[in-house]
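Undergrad: Contents of upload_5.cif (mmCIF, C-alpha atoms) are below:
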data_query
loop_
_atom_site.label_atom_id
_atom_site.label_comp_id
_atom_site.auth_asym_id
_atom_site.auth_seq_id
_atom_site.Cartn_x
_atom_site.Cartn_y
_atom_site.Cartn_z
CA MET A 234 -130.08 -94.54 109.97
CA THR A 235 -132.97 -92.26 111.00
CA SER A 236 -136.63 -93.29 111.06
CA TYR A 237 -137.13 -91.18 107.90
CA THR A 238 -134.61 -93.16 105.88
CA SER A 239 -136.20 -96.39 107.19
CA ALA A 240 -139.65 -95.12 106.13
CA THR A 241 -138.25 -94.07 102.75
CA ILE A 242 -136.69 -97.49 102.09
CA ILE A 243 -139.91 -99.27 103.14
CA THR A 244 -141.94 -96.93 100.88
CA LEU A 245 -139.68 -97.64 97.89
CA LEU A 246 -139.92 -101.41 98.53
CA ASN A 247 -143.72 -101.05 98.70
CA ILE A 248 -143.69 -99.25 95.34
CA ILE A 249 -141.56 -102.03 93.79
CA LEU A 250 -144.05 -104.55 95.26
CA LEU A 251 -146.91 -102.64 93.57
CA LEU A 252 -145.02 -102.61 90.25
CA TRP A 253 -144.55 -106.38 90.54
CA VAL A 254 -148.22 -107.22 91.31
CA GLY A 255 -149.29 -104.70 88.62
CA ALA A 256 -147.03 -106.38 86.05
CA MET A 257 -148.49 -109.80 86.98
CA ALA A 258 -152.04 -108.48 86.46
CA GLY A 259 -151.05 -106.87 83.15
CA GLN A 260 -149.39 -110.07 81.92
CA ALA A 261 -152.44 -112.15 82.93
CA ARG A 262 -154.68 -109.67 81.05
CA GLY A 263 -152.65 -110.34 77.89
CA LYS A 264 -152.20 -114.10 78.40
CA TYR A 265 -155.91 -114.82 79.03
CA HIS A 266 -157.14 -112.26 76.46
CA ILE A 267 -159.17 -110.15 78.88
CA GLU A 268 -159.97 -107.05 76.85
CA ALA A 269 -160.09 -103.74 78.79
CA PRO A 270 -162.24 -102.55 80.52
CA ALA A 271 -163.27 -106.09 81.65
CA THR A 272 -161.87 -107.24 85.01
CA THR A 273 -163.34 -110.74 84.89
CA GLY A 274 -163.32 -113.61 82.38
CA HIS A 275 -160.62 -116.07 83.51
CA PRO A 276 -159.94 -117.32 87.06
CA MET A 277 -156.17 -116.83 86.72
CA PHE A 278 -156.59 -113.21 85.58
CA GLU A 279 -159.10 -112.60 88.38
CA ARG A 280 -156.58 -113.86 90.94
CA ALA A 281 -153.82 -111.62 89.59
CA PHE A 282 -156.20 -108.64 89.47
CA ARG A 283 -157.40 -109.19 93.06
CA ILE A 284 -153.80 -109.60 94.28
CA GLN A 285 -153.01 -106.22 92.70
CA MET A 286 -156.13 -104.52 94.05
CA ASN A 287 -155.73 -105.91 97.56
CA THR A 288 -152.08 -104.85 97.64
CA ILE A 289 -153.11 -101.32 96.62
CA GLU A 290 -155.93 -101.25 99.20
CA ASN A 291 -153.52 -102.27 101.95
CA THR A 292 -150.85 -99.82 100.79
CA VAL A 293 -153.37 -97.00 101.37
CA LEU A 294 -153.49 -98.03 105.05
CA PHE A 295 -149.84 -98.98 105.37
CA LEU A 296 -147.88 -96.00 104.03
CA PRO A 297 -149.55 -93.26 106.13
CA THR A 298 -149.06 -95.49 109.20
CA VAL A 299 -145.37 -96.02 108.35
CA TRP A 300 -144.80 -92.27 108.11
CA ILE A 301 -146.71 -91.43 111.30
CA ALA A 302 -144.70 -94.14 113.08
CA ALA A 303 -141.55 -92.54 111.62
CA LEU A 304 -142.67 -89.11 112.92
CA TYR A 305 -143.77 -90.19 116.40
CA GLY A 306 -142.89 -93.82 117.03
CA ALA A 307 -139.80 -95.94 117.73
CA THR A 308 -137.25 -95.90 114.91
CA THR A 309 -136.39 -99.61 114.87
CA ILE A 310 -140.06 -100.66 114.72
CA VAL A 311 -140.57 -98.79 111.43
CA GLY A 312 -137.81 -100.73 109.72
CA ILE A 313 -138.54 -104.16 111.18
CA ALA A 314 -142.38 -104.12 111.05
CA GLY A 315 -142.19 -102.47 107.62
CA ALA A 316 -139.92 -105.20 106.26
CA VAL A 317 -142.13 -107.93 107.75
CA TRP A 318 -145.19 -106.31 106.11
CA ILE A 319 -143.45 -106.35 102.70
CA ALA A 320 -142.44 -110.01 103.20
CA GLY A 321 -146.03 -110.90 104.21
CA ARG A 322 -147.41 -109.19 101.09
CA ILE A 323 -144.98 -111.13 98.86
CA LEU A 324 -146.07 -114.41 100.52
CA TYR A 325 -149.72 -113.35 100.09
CA ALA A 326 -149.23 -112.72 96.36
CA LEU A 327 -147.33 -115.98 95.76
CA GLY A 328 -149.83 -118.00 97.83
CA TYR A 329 -152.93 -116.41 96.24
CA ARG A 330 -151.54 -116.99 92.73
CA LYS A 331 -151.23 -120.72 93.46
CA ASP A 332 -154.58 -121.02 95.23
CA PRO A 333 -156.86 -118.29 96.66
CA ALA A 334 -157.28 -120.44 99.80
CA LYS A 335 -153.51 -120.06 100.41
CA ARG A 336 -153.61 -116.27 100.74
CA GLY A 337 -154.20 -116.41 104.50
CA LEU A 338 -150.65 -116.89 105.84
CA GLY A 339 -149.04 -113.94 104.06
CA TYR A 340 -152.08 -111.78 104.77
CA GLY A 341 -151.93 -112.65 108.46
CA ILE A 342 -148.22 -111.84 108.71
CA SER A 343 -148.68 -108.45 107.03
CA LEU A 344 -151.73 -107.67 109.20
CA LEU A 345 -149.73 -108.43 112.35
CA ALA A 346 -146.87 -106.18 111.20
CA PHE A 347 -149.42 -103.48 110.36
CA ALA A 348 -150.98 -103.75 113.84
CA VAL A 349 -147.54 -103.31 115.45
CA LEU A 350 -146.87 -100.22 113.32
CA LEU A 351 -150.29 -98.71 114.07
CA LEU A 352 -149.88 -99.24 117.83
CA ASP A 353 -146.37 -97.74 117.62
CA ALA A 354 -147.73 -94.71 115.74
CA MET A 355 -150.61 -94.23 118.19
CA ALA A 356 -148.42 -94.69 121.28
CA GLY A 357 -145.93 -92.19 119.83
CA LEU A 358 -148.65 -89.63 119.20
CA VAL A 359 -150.07 -90.03 122.71
CA ARG A 360 -146.56 -89.58 124.15
CA ALA A 361 -145.99 -86.44 122.04
CA LEU A 362 -149.35 -84.91 123.00
CA PHE A 363 -149.47 -85.65 126.71
CA ILE A 364 -145.84 -86.06 127.78
CA GLY A 365 -144.20 -83.78 125.22
CA MET B 299 -139.32 -72.68 94.03
CA THR B 300 -138.23 -75.53 96.30
CA SER B 301 -138.81 -79.21 95.60
CA TYR B 302 -141.55 -79.17 98.28
CA THR B 303 -143.59 -76.53 96.48
CA SER B 304 -143.10 -78.47 93.20
CA ALA B 305 -144.30 -81.66 94.91
CA THR B 306 -147.25 -79.77 96.44
CA ILE B 307 -148.33 -78.35 93.06
CA ILE B 308 -148.02 -81.78 91.39
CA THR B 309 -150.03 -83.35 94.24
CA LEU B 310 -152.81 -80.76 93.89
CA LEU B 311 -152.91 -81.31 90.10
CA ASN B 312 -153.13 -85.06 90.73
CA ILE B 313 -156.07 -84.48 93.08
CA ILE B 314 -157.84 -82.34 90.46
CA LEU B 315 -157.17 -85.14 87.92
CA LEU B 316 -158.80 -87.63 90.34
CA LEU B 317 -161.81 -85.33 90.80
CA TRP B 318 -162.16 -85.13 87.00
CA VAL B 319 -162.01 -88.90 86.34
CA GLY B 320 -164.28 -89.47 89.37
CA ALA B 321 -166.83 -87.00 87.99
CA MET B 322 -166.74 -88.76 84.59
CA ALA B 323 -167.42 -92.14 86.26
CA GLY B 324 -170.23 -90.62 88.36
CA GLN B 325 -171.83 -89.01 85.29
CA ALA B 326 -171.58 -92.27 83.33
CA ARG B 327 -173.22 -94.10 86.27
CA GLY B 328 -176.18 -91.73 85.99
CA LYS B 329 -176.33 -91.56 82.19
CA TYR B 330 -176.29 -95.35 81.66
CA HIS B 331 -178.47 -96.08 84.71
CA ILE B 332 -175.96 -98.29 86.52
CA GLU B 333 -177.47 -98.64 89.99
CA ALA B 334 -174.99 -98.81 92.89
CA PRO B 335 -173.33 -101.11 93.93
CA ALA B 336 -173.00 -102.48 90.35
CA THR B 337 -169.77 -101.61 88.52
CA THR B 338 -170.70 -103.25 85.22
CA GLY B 339 -173.68 -103.07 82.85
CA HIS B 340 -172.72 -100.68 80.03
CA PRO B 341 -169.40 -100.55 78.12
CA MET B 342 -169.20 -96.73 78.37
CA PHE B 343 -169.68 -96.79 82.15
CA GLU B 344 -167.14 -99.61 82.47
CA ARG B 345 -164.59 -97.52 80.56
CA ALA B 346 -165.18 -94.48 82.79
CA PHE B 347 -165.01 -96.66 85.91
CA ARG B 348 -161.74 -98.34 84.84
CA ILE B 349 -160.22 -94.95 83.93
CA GLN B 350 -161.04 -93.77 87.46
CA MET B 351 -159.78 -96.95 89.15
CA ASN B 352 -156.57 -97.09 87.12
CA THR B 353 -155.86 -93.43 87.87
CA ILE B 354 -156.32 -94.10 91.61
CA GLU B 355 -154.13 -97.23 91.42
CA ASN B 356 -151.35 -95.27 89.75
CA THR B 357 -151.71 -92.34 92.15
CA VAL B 358 -150.91 -94.74 95.02
CA LEU B 359 -147.54 -95.41 93.36
CA PHE B 360 -146.97 -91.88 92.08
CA LEU B 361 -147.49 -89.59 95.09
CA PRO B 362 -145.14 -91.36 97.53
CA THR B 363 -142.49 -91.40 94.77
CA VAL B 364 -142.97 -87.67 94.11
CA TRP B 365 -142.45 -86.86 97.79
CA ILE B 366 -139.41 -89.12 98.19
CA ALA B 367 -137.94 -87.52 95.06
CA ALA B 368 -138.71 -84.11 96.63
CA LEU B 369 -136.95 -85.19 99.85
CA TYR B 370 -133.87 -86.81 98.28
CA GLY B 371 -133.82 -86.23 94.53
CA ALA B 372 -133.14 -83.38 92.07
CA THR B 373 -135.60 -80.49 92.42
CA THR B 374 -136.23 -79.85 88.71
CA ILE B 375 -137.00 -83.52 88.01
CA VAL B 376 -139.93 -83.49 90.46
CA GLY B 377 -141.64 -80.63 88.62
CA ILE B 378 -140.92 -81.76 85.06
CA ALA B 379 -141.50 -85.53 85.44
CA GLY B 380 -144.51 -84.81 87.64
CA ALA B 381 -146.08 -82.54 85.02
CA VAL B 382 -145.39 -85.09 82.24
CA TRP B 383 -147.05 -87.79 84.38
CA ILE B 384 -150.17 -85.62 84.80
CA ALA B 385 -150.24 -84.91 81.03
CA GLY B 386 -149.84 -88.65 80.28
CA ARG B 387 -152.73 -89.51 82.63
CA ILE B 388 -154.99 -86.92 80.91
CA LEU B 389 -154.10 -88.40 77.50
CA TYR B 390 -154.76 -91.89 78.90
CA ALA B 391 -158.23 -90.89 80.13
CA LEU B 392 -159.19 -89.11 76.89
CA GLY B 393 -157.84 -91.99 74.74
CA TYR B 394 -159.46 -94.75 76.82
CA ARG B 395 -162.82 -92.94 76.77
CA LYS B 396 -162.76 -92.94 72.94
CA ASP B 397 -161.49 -96.51 72.61
CA PRO B 398 -159.85 -98.80 75.22
CA ALA B 399 -157.24 -99.74 72.59
CA LYS B 400 -156.13 -96.06 72.54
CA ARG B 401 -155.12 -95.99 76.22
CA GLY B 402 -151.54 -97.07 75.50
CA LEU B 403 -149.91 -93.76 74.48
CA GLY B 404 -150.92 -91.77 77.56
CA TYR B 405 -150.19 -94.74 79.80
CA GLY B 406 -146.72 -95.14 78.29
CA ILE B 407 -145.91 -91.44 78.75
CA SER B 408 -146.96 -91.48 82.40
CA LEU B 409 -145.06 -94.75 83.03
CA LEU B 410 -141.89 -93.22 81.59
CA ALA B 411 -142.26 -90.12 83.76
CA PHE B 412 -142.88 -92.37 86.76
CA ALA B 413 -139.71 -94.39 86.00
CA VAL B 414 -137.66 -91.18 85.87
CA LEU B 415 -139.09 -90.07 89.25
CA LEU B 416 -138.48 -93.46 90.86
CA LEU B 417 -134.87 -93.56 89.64
CA ASP B 418 -134.39 -89.97 90.86
CA ALA B 419 -135.82 -90.89 94.28
CA MET B 420 -133.67 -94.04 94.54
CA ALA B 421 -130.49 -92.31 93.38
CA GLY B 422 -131.14 -89.50 95.88
CA LEU B 423 -131.62 -91.97 98.72
CA VAL B 424 -128.43 -93.87 97.82
CA ARG B 425 -126.52 -90.55 97.73
CA ALA B 426 -127.94 -89.53 101.12
CA LEU B 427 -127.12 -92.89 102.73
CA PHE B 428 -123.65 -93.54 101.36
CA ILE B 429 -122.23 -90.12 100.47
CA GLY B 430 -124.13 -88.00 103.00
CA MET C 282 -151.90 -78.46 119.04
CA THR C 283 -150.10 -77.84 115.75
CA SER C 284 -151.54 -78.53 112.31
CA TYR C 285 -149.24 -81.60 112.10
CA THR C 286 -150.74 -83.23 115.16
CA SER C 287 -154.24 -82.43 113.80
CA ALA C 288 -153.31 -84.03 110.47
CA THR C 289 -151.83 -87.03 112.29
CA ILE C 290 -154.97 -87.58 114.37
CA ILE C 291 -157.20 -87.25 111.28
CA THR C 292 -154.96 -89.70 109.39
CA LEU C 293 -155.14 -92.27 112.20
CA LEU C 294 -158.95 -91.90 112.35
CA ASN C 295 -159.06 -92.41 108.57
CA ILE C 296 -157.01 -95.60 108.96
CA ILE C 297 -159.38 -96.88 111.67
CA LEU C 298 -162.29 -96.04 109.31
CA LEU C 299 -160.59 -98.12 106.57
CA LEU C 300 -160.07 -101.03 108.99
CA TRP C 301 -163.78 -100.88 109.89
CA VAL C 302 -165.10 -100.85 106.29
CA GLY C 303 -162.52 -103.52 105.38
CA ALA C 304 -163.71 -105.72 108.25
CA MET C 305 -167.35 -105.29 107.12
CA ALA C 306 -166.40 -106.37 103.57
CA GLY C 307 -164.42 -109.34 104.91
CA GLN C 308 -167.31 -110.43 107.16
CA ALA C 309 -169.79 -110.11 104.28
CA ARG C 310 -167.46 -112.23 102.09
CA GLY C 311 -167.64 -115.00 104.71
CA LYS C 312 -171.33 -114.64 105.56
CA TYR C 313 -172.55 -114.74 101.94
CA HIS C 314 -169.97 -117.35 100.86
CA ILE C 315 -168.31 -115.22 98.16
CA GLU C 316 -165.16 -117.18 97.33
CA ALA C 317 -162.07 -115.12 96.45
CA PRO C 318 -161.27 -113.76 93.89
CA ALA C 319 -164.98 -113.03 93.15
CA THR C 320 -166.22 -109.52 94.06
CA THR C 321 -169.86 -110.12 93.11
CA GLY C 322 -172.50 -112.74 93.95
CA HIS C 323 -174.69 -111.28 96.70
CA PRO C 324 -176.15 -107.75 96.91
CA MET C 325 -175.17 -107.36 100.59
CA PHE C 326 -171.55 -108.34 99.91
CA GLU C 327 -171.47 -106.03 96.89
CA ARG C 328 -172.63 -103.13 99.06
CA ALA C 329 -169.97 -103.83 101.69
CA PHE C 330 -167.31 -104.20 98.99
CA ARG C 331 -168.27 -100.93 97.27
CA ILE C 332 -168.35 -99.09 100.63
CA GLN C 333 -164.79 -100.29 101.23
CA MET C 334 -163.59 -99.45 97.71
CA ASN C 335 -165.21 -96.02 97.68
CA THR C 336 -163.72 -95.21 101.09
CA ILE C 337 -160.26 -96.20 99.80
CA GLU C 338 -160.75 -94.18 96.60
CA ASN C 339 -161.69 -91.10 98.59
CA THR C 340 -158.85 -91.61 101.08
CA VAL C 341 -156.41 -91.34 98.15
CA LEU C 342 -157.75 -87.82 97.51
CA PHE C 343 -158.28 -86.89 101.16
CA LEU C 344 -154.98 -87.67 102.92
CA PRO C 345 -152.64 -85.75 100.56
CA THR C 346 -155.03 -82.78 100.79
CA VAL C 347 -155.06 -82.95 104.61
CA TRP C 348 -151.26 -82.86 104.72
CA ILE C 349 -150.90 -80.05 102.18
CA ALA C 350 -153.49 -78.09 104.18
CA ALA C 351 -151.42 -78.85 107.32
CA LEU C 352 -148.28 -77.58 105.54
CA TYR C 353 -149.74 -74.43 103.99
CA GLY C 354 -153.30 -73.84 105.21
CA ALA C 355 -155.08 -72.71 108.37
CA THR C 356 -154.50 -75.02 111.35
CA THR C 357 -158.07 -75.12 112.69
CA ILE C 358 -159.53 -75.99 109.27
CA VAL C 359 -157.48 -79.21 109.10
CA GLY C 360 -158.94 -80.49 112.37
CA ILE C 361 -162.54 -79.40 111.83
CA ALA C 362 -162.93 -80.22 108.12
CA GLY C 363 -161.00 -83.45 108.68
CA ALA C 364 -163.33 -84.54 111.49
CA VAL C 365 -166.42 -83.63 109.42
CA TRP C 366 -165.03 -85.71 106.53
CA ILE C 367 -164.59 -88.73 108.83
CA ALA C 368 -168.14 -88.27 110.19
CA GLY C 369 -169.52 -87.99 106.63
CA ARG C 370 -167.74 -91.20 105.60
CA ILE C 371 -169.19 -93.07 108.62
CA LEU C 372 -172.69 -91.83 107.70
CA TYR C 373 -172.05 -92.85 104.09
CA ALA C 374 -171.07 -96.40 105.14
CA LEU C 375 -174.02 -96.82 107.52
CA GLY C 376 -176.48 -95.36 104.97
CA TYR C 377 -175.15 -97.39 102.03
CA ARG C 378 -175.27 -100.61 104.08
CA LYS C 379 -179.01 -100.05 104.74
CA ASP C 380 -179.83 -98.96 101.20
CA PRO C 381 -177.51 -97.82 98.36
CA ALA C 382 -179.95 -94.94 97.69
CA LYS C 383 -179.17 -93.63 101.20
CA ARG C 384 -175.47 -93.11 100.55
CA GLY C 385 -175.97 -89.52 99.33
CA LEU C 386 -176.14 -87.59 102.62
CA GLY C 387 -172.88 -88.87 104.13
CA TYR C 388 -171.17 -88.61 100.76
CA GLY C 389 -172.31 -85.00 100.36
CA ILE C 390 -171.08 -84.05 103.84
CA SER C 391 -167.64 -85.58 103.23
CA LEU C 392 -167.41 -83.98 99.77
CA LEU C 393 -168.17 -80.55 101.27
CA ALA C 394 -165.52 -81.03 103.97
CA PHE C 395 -163.08 -82.16 101.28
CA ALA C 396 -163.81 -79.05 99.17
CA VAL C 397 -163.10 -76.81 102.19
CA LEU C 398 -159.78 -78.59 102.81
CA LEU C 399 -158.76 -78.42 99.15
CA LEU C 400 -159.54 -74.68 98.96
CA ASP C 401 -157.63 -74.15 102.22
CA ALA C 402 -154.63 -76.07 100.84
CA MET C 403 -154.70 -74.16 97.53
CA ALA C 404 -155.14 -70.75 99.18
CA GLY C 405 -152.26 -71.56 101.54
CA LEU C 406 -150.01 -72.55 98.66
CA VAL C 407 -150.85 -69.38 96.69
CA ARG C 408 -150.11 -67.31 99.81
CA ALA C 409 -146.78 -69.09 100.33
CA LEU C 410 -145.73 -68.69 96.70
CA PHE C 411 -146.79 -65.10 96.03
CA ILE C 412 -146.85 -63.40 99.42
CA GLY C 413 -144.23 -65.48 101.23
#
So, in terms of C-alpha cells, how does the structure I just supplied come out?

TA:
Amino acid sequence: MTSYTSATIITLLNIILLLWVGAMAGQARGKYHIEAPATTGHPMFERAFRIQMNTIENTVLFLPTVWIAALYGATTIVGIAGAVWIAGRILYALGYRKDPAKRGLGYGISLLAFAVLLLDAMAGLVRALFIG
Amino acid sequence: MTSYTSATIITLLNIILLLWVGAMAGQARGKYHIEAPATTGHPMFERAFRIQMNTIENTVLFLPTVWIAALYGATTIVGIAGAVWIAGRILYALGYRKDPAKRGLGYGISLLAFAVLLLDAMAGLVRALFIG
Amino acid sequence: MTSYTSATIITLLNIILLLWVGAMAGQARGKYHIEAPATTGHPMFERAFRIQMNTIENTVLFLPTVWIAALYGATTIVGIAGAVWIAGRILYALGYRKDPAKRGLGYGISLLAFAVLLLDAMAGLVRALFIG
C-alpha cells in the first residue's frame, strides 16, 4: 500500500467521522426542538453541536497535514498516526457527549497523533528541499 | 476533460459559493448592526451566518471527497454530482434566507449528490486496492 | 523550488497559524472560565473564539485555491500571495485581539492576496483548458 492509499483511507474515515458527528448534532436539534438558525437552547444539543464543530475545526488542520505527510513523509506514519487520530476523535465525541469534562483524553490522543504527523510532514519537506 | 479538471472546476465553483454566502453574512452583519464578535442579535443575520457556517461545514466533507473521486472514481460522476451539489447548496442558501423551514430541499439535493460522490470514491478505492 | 513545494510551505504555515489562534482561544476559555460547550460569556474569549473561527473559515477557501494555483497558475504567485495572506491573517488576529474594530487592515490584506491567488488559479485553468 502506498502513502497515497493510506491517506485516502484516512480521509474517507475522517469523512465518515464527520457524517457521524453531524448526524448526532442533527438528531439533537430535532430531539430538543432547537429551531434553526439557533445553535443554543439545550445543554445536550450544545454538546452535540460543539462536538461537530470541533471535529470540523480539527479536520481543517488534519487533512492537509495527512496529505503533506503522504507527499513528503514516511509512509507507515501516515496510516498509523492517522488511525490513532480517528480513534482519538471518536473517544473525544463519546466522552464529550457523556460529560464535557471527559473530552480531554480523546482530544489529547488525537493532538498527539496530529503532532507526530505534522513533524513527519515537516521533516519530509526539509529532507526534500535540502537533501533532495 | 480529465477528472482533475472537473474536480478543479467544481472546487473553484465551491469557492465562489463560499464567497457569496460569506458576503451575505458580512452584509447582514452591517445591515442589522451586529458588532463583532457577536454572532447573534437579529434573526436575519443569524440565518445568513448559519447559511455561511453550514456551507463551510459541508465544504470540509465535500472537497476531499471530490478529489478522492477524481483520483479513484468515475470521471463523469465527479462533474455531474459535483455540479448538482453546488446547485443544491445554492437552493439551500436561497431557501434558508427566505425561511429556515425551506432549507430542506436544497440540503437534500446536495446530500444526495454527496452520497453519490462518496460511494464513487469508495468503490474506486476498493477497485484500486483489490483489483488493481 | 517548484510550485508544489511553495504550496506545501504555505500550507504548513497556515496550519501553524491555526494552531496559534486555536491555542489563544483555548487559553481564553481557561482564563475567563468559559465552561464547554459555551462559546460566549466574556468579550475577550468571544474575540479569541471568533478569530479562530474566522481563520478556519478562510482557510477552507484559501488552501484549495493555493493548490489549484500550484497546479495551474504561476509558480511565484503561489509563494508571494500565500505569504502575504499568512501575514494578513496574523495582523488580523493581533488587531482583532486588541479591538474588534481593528480587524479590517489584516483582513483586507489577506482578502487581496486571496483574490490574486484565485485569479491566478482561474487564469491558469482557462489556459490549460483552451490553450493546452

Undergrad: Please superimpose chain B on chain C using every C-alpha atom, paired by order, in a least-squares fit, and write the moved chain as a compact mmCIF listing (two decimals) with C-alpha atoms, in the coordinates of the input.

TA:
# COMPACT_ATOMS: atom_id res chain seq x y z
CA MET B 299 -151.92 -78.46 119.03
CA THR B 300 -150.11 -77.84 115.75
CA SER B 301 -151.54 -78.53 112.31
CA TYR B 302 -149.24 -81.59 112.10
CA THR B 303 -150.75 -83.23 115.17
CA SER B 304 -154.25 -82.42 113.80
CA ALA B 305 -153.31 -84.02 110.47
CA THR B 306 -151.82 -87.03 112.29
CA ILE B 307 -154.98 -87.57 114.36
CA ILE B 308 -157.21 -87.25 111.27
CA THR B 309 -154.95 -89.70 109.39
CA LEU B 310 -155.14 -92.26 112.21
CA LEU B 311 -158.96 -91.89 112.35
CA ASN B 312 -159.06 -92.41 108.57
CA ILE B 313 -157.01 -95.59 108.97
CA ILE B 314 -159.38 -96.88 111.67
CA LEU B 315 -162.29 -96.04 109.31
CA LEU B 316 -160.58 -98.11 106.58
CA LEU B 317 -160.07 -101.02 108.99
CA TRP B 318 -163.78 -100.86 109.89
CA VAL B 319 -165.10 -100.84 106.29
CA GLY B 320 -162.52 -103.52 105.38
CA ALA B 321 -163.71 -105.72 108.25
CA MET B 322 -167.34 -105.29 107.12
CA ALA B 323 -166.42 -106.37 103.56
CA GLY B 324 -164.42 -109.34 104.91
CA GLN B 325 -167.30 -110.43 107.16
CA ALA B 326 -169.79 -110.11 104.28
CA ARG B 327 -167.45 -112.23 102.10
CA GLY B 328 -167.64 -114.98 104.71
CA LYS B 329 -171.33 -114.63 105.56
CA TYR B 330 -172.54 -114.73 101.93
CA HIS B 331 -169.96 -117.33 100.85
CA ILE B 332 -168.31 -115.21 98.17
CA GLU B 333 -165.16 -117.18 97.33
CA ALA B 334 -162.07 -115.11 96.46
CA PRO B 335 -161.29 -113.74 93.88
CA ALA B 336 -164.99 -113.02 93.14
CA THR B 337 -166.24 -109.54 94.06
CA THR B 338 -169.87 -110.12 93.11
CA GLY B 339 -172.50 -112.75 93.94
CA HIS B 340 -174.70 -111.29 96.70
CA PRO B 341 -176.14 -107.75 96.90
CA MET B 342 -175.17 -107.37 100.59
CA PHE B 343 -171.55 -108.34 99.90
CA GLU B 344 -171.46 -106.03 96.88
CA ARG B 345 -172.64 -103.14 99.06
CA ALA B 346 -169.97 -103.84 101.70
CA PHE B 347 -167.31 -104.20 98.99
CA ARG B 348 -168.27 -100.92 97.27
CA ILE B 349 -168.36 -99.10 100.64
CA GLN B 350 -164.79 -100.31 101.24
CA MET B 351 -163.58 -99.46 97.72
CA ASN B 352 -165.21 -96.03 97.68
CA THR B 353 -163.72 -95.21 101.08
CA ILE B 354 -160.25 -96.20 99.81
CA GLU B 355 -160.75 -94.18 96.59
CA ASN B 356 -161.69 -91.10 98.59
CA THR B 357 -158.85 -91.60 101.07
CA VAL B 358 -156.40 -91.33 98.14
CA LEU B 359 -157.74 -87.81 97.51
CA PHE B 360 -158.27 -86.88 101.15
CA LEU B 361 -154.98 -87.65 102.91
CA PRO B 362 -152.64 -85.75 100.56
CA THR B 363 -155.03 -82.77 100.79
CA VAL B 364 -155.04 -82.94 104.60
CA TRP B 365 -151.24 -82.86 104.71
CA ILE B 366 -150.91 -80.03 102.18
CA ALA B 367 -153.49 -78.08 104.18
CA ALA B 368 -151.42 -78.85 107.31
CA LEU B 369 -148.27 -77.59 105.55
CA TYR B 370 -149.74 -74.43 103.99
CA GLY B 371 -153.29 -73.86 105.21
CA ALA B 372 -155.08 -72.70 108.38
CA THR B 373 -154.50 -75.01 111.36
CA THR B 374 -158.07 -75.12 112.69
CA ILE B 375 -159.52 -76.00 109.27
CA VAL B 376 -157.47 -79.22 109.10
CA GLY B 377 -158.94 -80.50 112.37
CA ILE B 378 -162.54 -79.39 111.83
CA ALA B 379 -162.93 -80.23 108.11
CA GLY B 380 -161.01 -83.46 108.67
CA ALA B 381 -163.33 -84.54 111.49
CA VAL B 382 -166.43 -83.64 109.42
CA TRP B 383 -165.04 -85.72 106.53
CA ILE B 384 -164.60 -88.73 108.83
CA ALA B 385 -168.15 -88.27 110.20
CA GLY B 386 -169.53 -87.99 106.63
CA ARG B 387 -167.74 -91.21 105.60
CA ILE B 388 -169.20 -93.07 108.63
CA LEU B 389 -172.70 -91.83 107.70
CA TYR B 390 -172.06 -92.87 104.09
CA ALA B 391 -171.08 -96.40 105.13
CA LEU B 392 -174.03 -96.83 107.52
CA GLY B 393 -176.50 -95.38 104.97
CA TYR B 394 -175.17 -97.41 102.02
CA ARG B 395 -175.28 -100.62 104.08
CA LYS B 396 -179.01 -100.07 104.75
CA ASP B 397 -179.84 -98.97 101.20
CA PRO B 398 -177.52 -97.82 98.36
CA ALA B 399 -179.95 -94.95 97.69
CA LYS B 400 -179.19 -93.63 101.22
CA ARG B 401 -175.47 -93.11 100.56
CA GLY B 402 -175.95 -89.53 99.34
CA LEU B 403 -176.14 -87.59 102.64
CA GLY B 404 -172.89 -88.88 104.13
CA TYR B 405 -171.16 -88.62 100.76
CA GLY B 406 -172.30 -85.01 100.36
CA ILE B 407 -171.07 -84.06 103.84
CA SER B 408 -167.64 -85.58 103.25
CA LEU B 409 -167.41 -83.97 99.78
CA LEU B 410 -168.16 -80.56 101.28
CA ALA B 411 -165.51 -81.03 103.96
CA PHE B 412 -163.07 -82.16 101.28
CA ALA B 413 -163.81 -79.04 99.18
CA VAL B 414 -163.10 -76.81 102.18
CA LEU B 415 -159.77 -78.60 102.79
CA LEU B 416 -158.75 -78.41 99.14
CA LEU B 417 -159.54 -74.68 98.96
CA ASP B 418 -157.63 -74.16 102.23
CA ALA B 419 -154.63 -76.07 100.84
CA MET B 420 -154.70 -74.16 97.53
CA ALA B 421 -155.14 -70.76 99.18
CA GLY B 422 -152.26 -71.57 101.55
CA LEU B 423 -150.00 -72.56 98.66
CA VAL B 424 -150.85 -69.39 96.70
CA ARG B 425 -150.10 -67.30 99.82
CA ALA B 426 -146.77 -69.09 100.34
CA LEU B 427 -145.72 -68.68 96.70
CA PHE B 428 -146.77 -65.10 96.02
CA ILE B 429 -146.84 -63.39 99.42
CA GLY B 430 -144.21 -65.48 101.21

Undergrad: Got a sec to pull out which chain C residues are within 7 Å of chain B, counting all atoms listed in the file, and send them as an MDAnalysis selection string?

TA: chainID C and resid 327:328 331 338 342 349 381

Undergrad: Those same residues - C-alpha atoms - I'd like them written as a compact mmCIF listing (two decimals), in the frame of the given file.

TA:
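Saved result, out-v8.txt, follows:
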# COMPACT_ATOMS: atom_id res chain seq x y z
CA GLU C 327 -171.47 -106.03 96.89
CA ARG C 328 -172.63 -103.13 99.06
CA ARG C 331 -168.27 -100.93 97.27
CA GLU C 338 -160.75 -94.18 96.60
CA LEU C 342 -157.75 -87.82 97.51
CA ILE C 349 -150.90 -80.05 102.18
CA PRO C 381 -177.51 -97.82 98.36

Undergrad: For CA of Trp348 (chain C) and CA of Ile308 (chain B), determine how far apart the two atoms are, in Å to one decimal place.

TA: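 Going from CA of Trp348 (chain C) over to CA of Ile308 (chain B) covers 13.8 Å.
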
Undergrad: Just want the 9 Å neighbourhood of Gly337 (chain A), counted on all atoms listed in the file, with same-chain residues fewer than 5 positions away dropped. Output as a ChimeraX atom specification.

TA: /A:325,328-329,342

Undergrad: Near Val349 (chain A), within 8 Å and counting all atoms listed in the file, which residues show up once chain neighbours fewer than 3 positions away are dropped, as a PDB file with C-alpha atoms, in the coordinates of the input?

TA:
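What ended up in out31.pdb:
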ATOM      1  CA  ILE A 310    -140.060-100.660 114.720  1.00  0.00           C
ATOM      2  CA  ALA A 314    -142.380-104.120 111.050  1.00  0.00           C
ATOM      3  CA  LEU A 345    -149.730-108.430 112.350  1.00  0.00           C
ATOM      4  CA  ALA A 346    -146.870-106.180 111.200  1.00  0.00           C
ATOM      5  CA  LEU A 352    -149.880 -99.240 117.830  1.00  0.00           C
ATOM      6  CA  ASP A 353    -146.370 -97.740 117.620  1.00  0.00           C
TER       7      ASP A 353
END
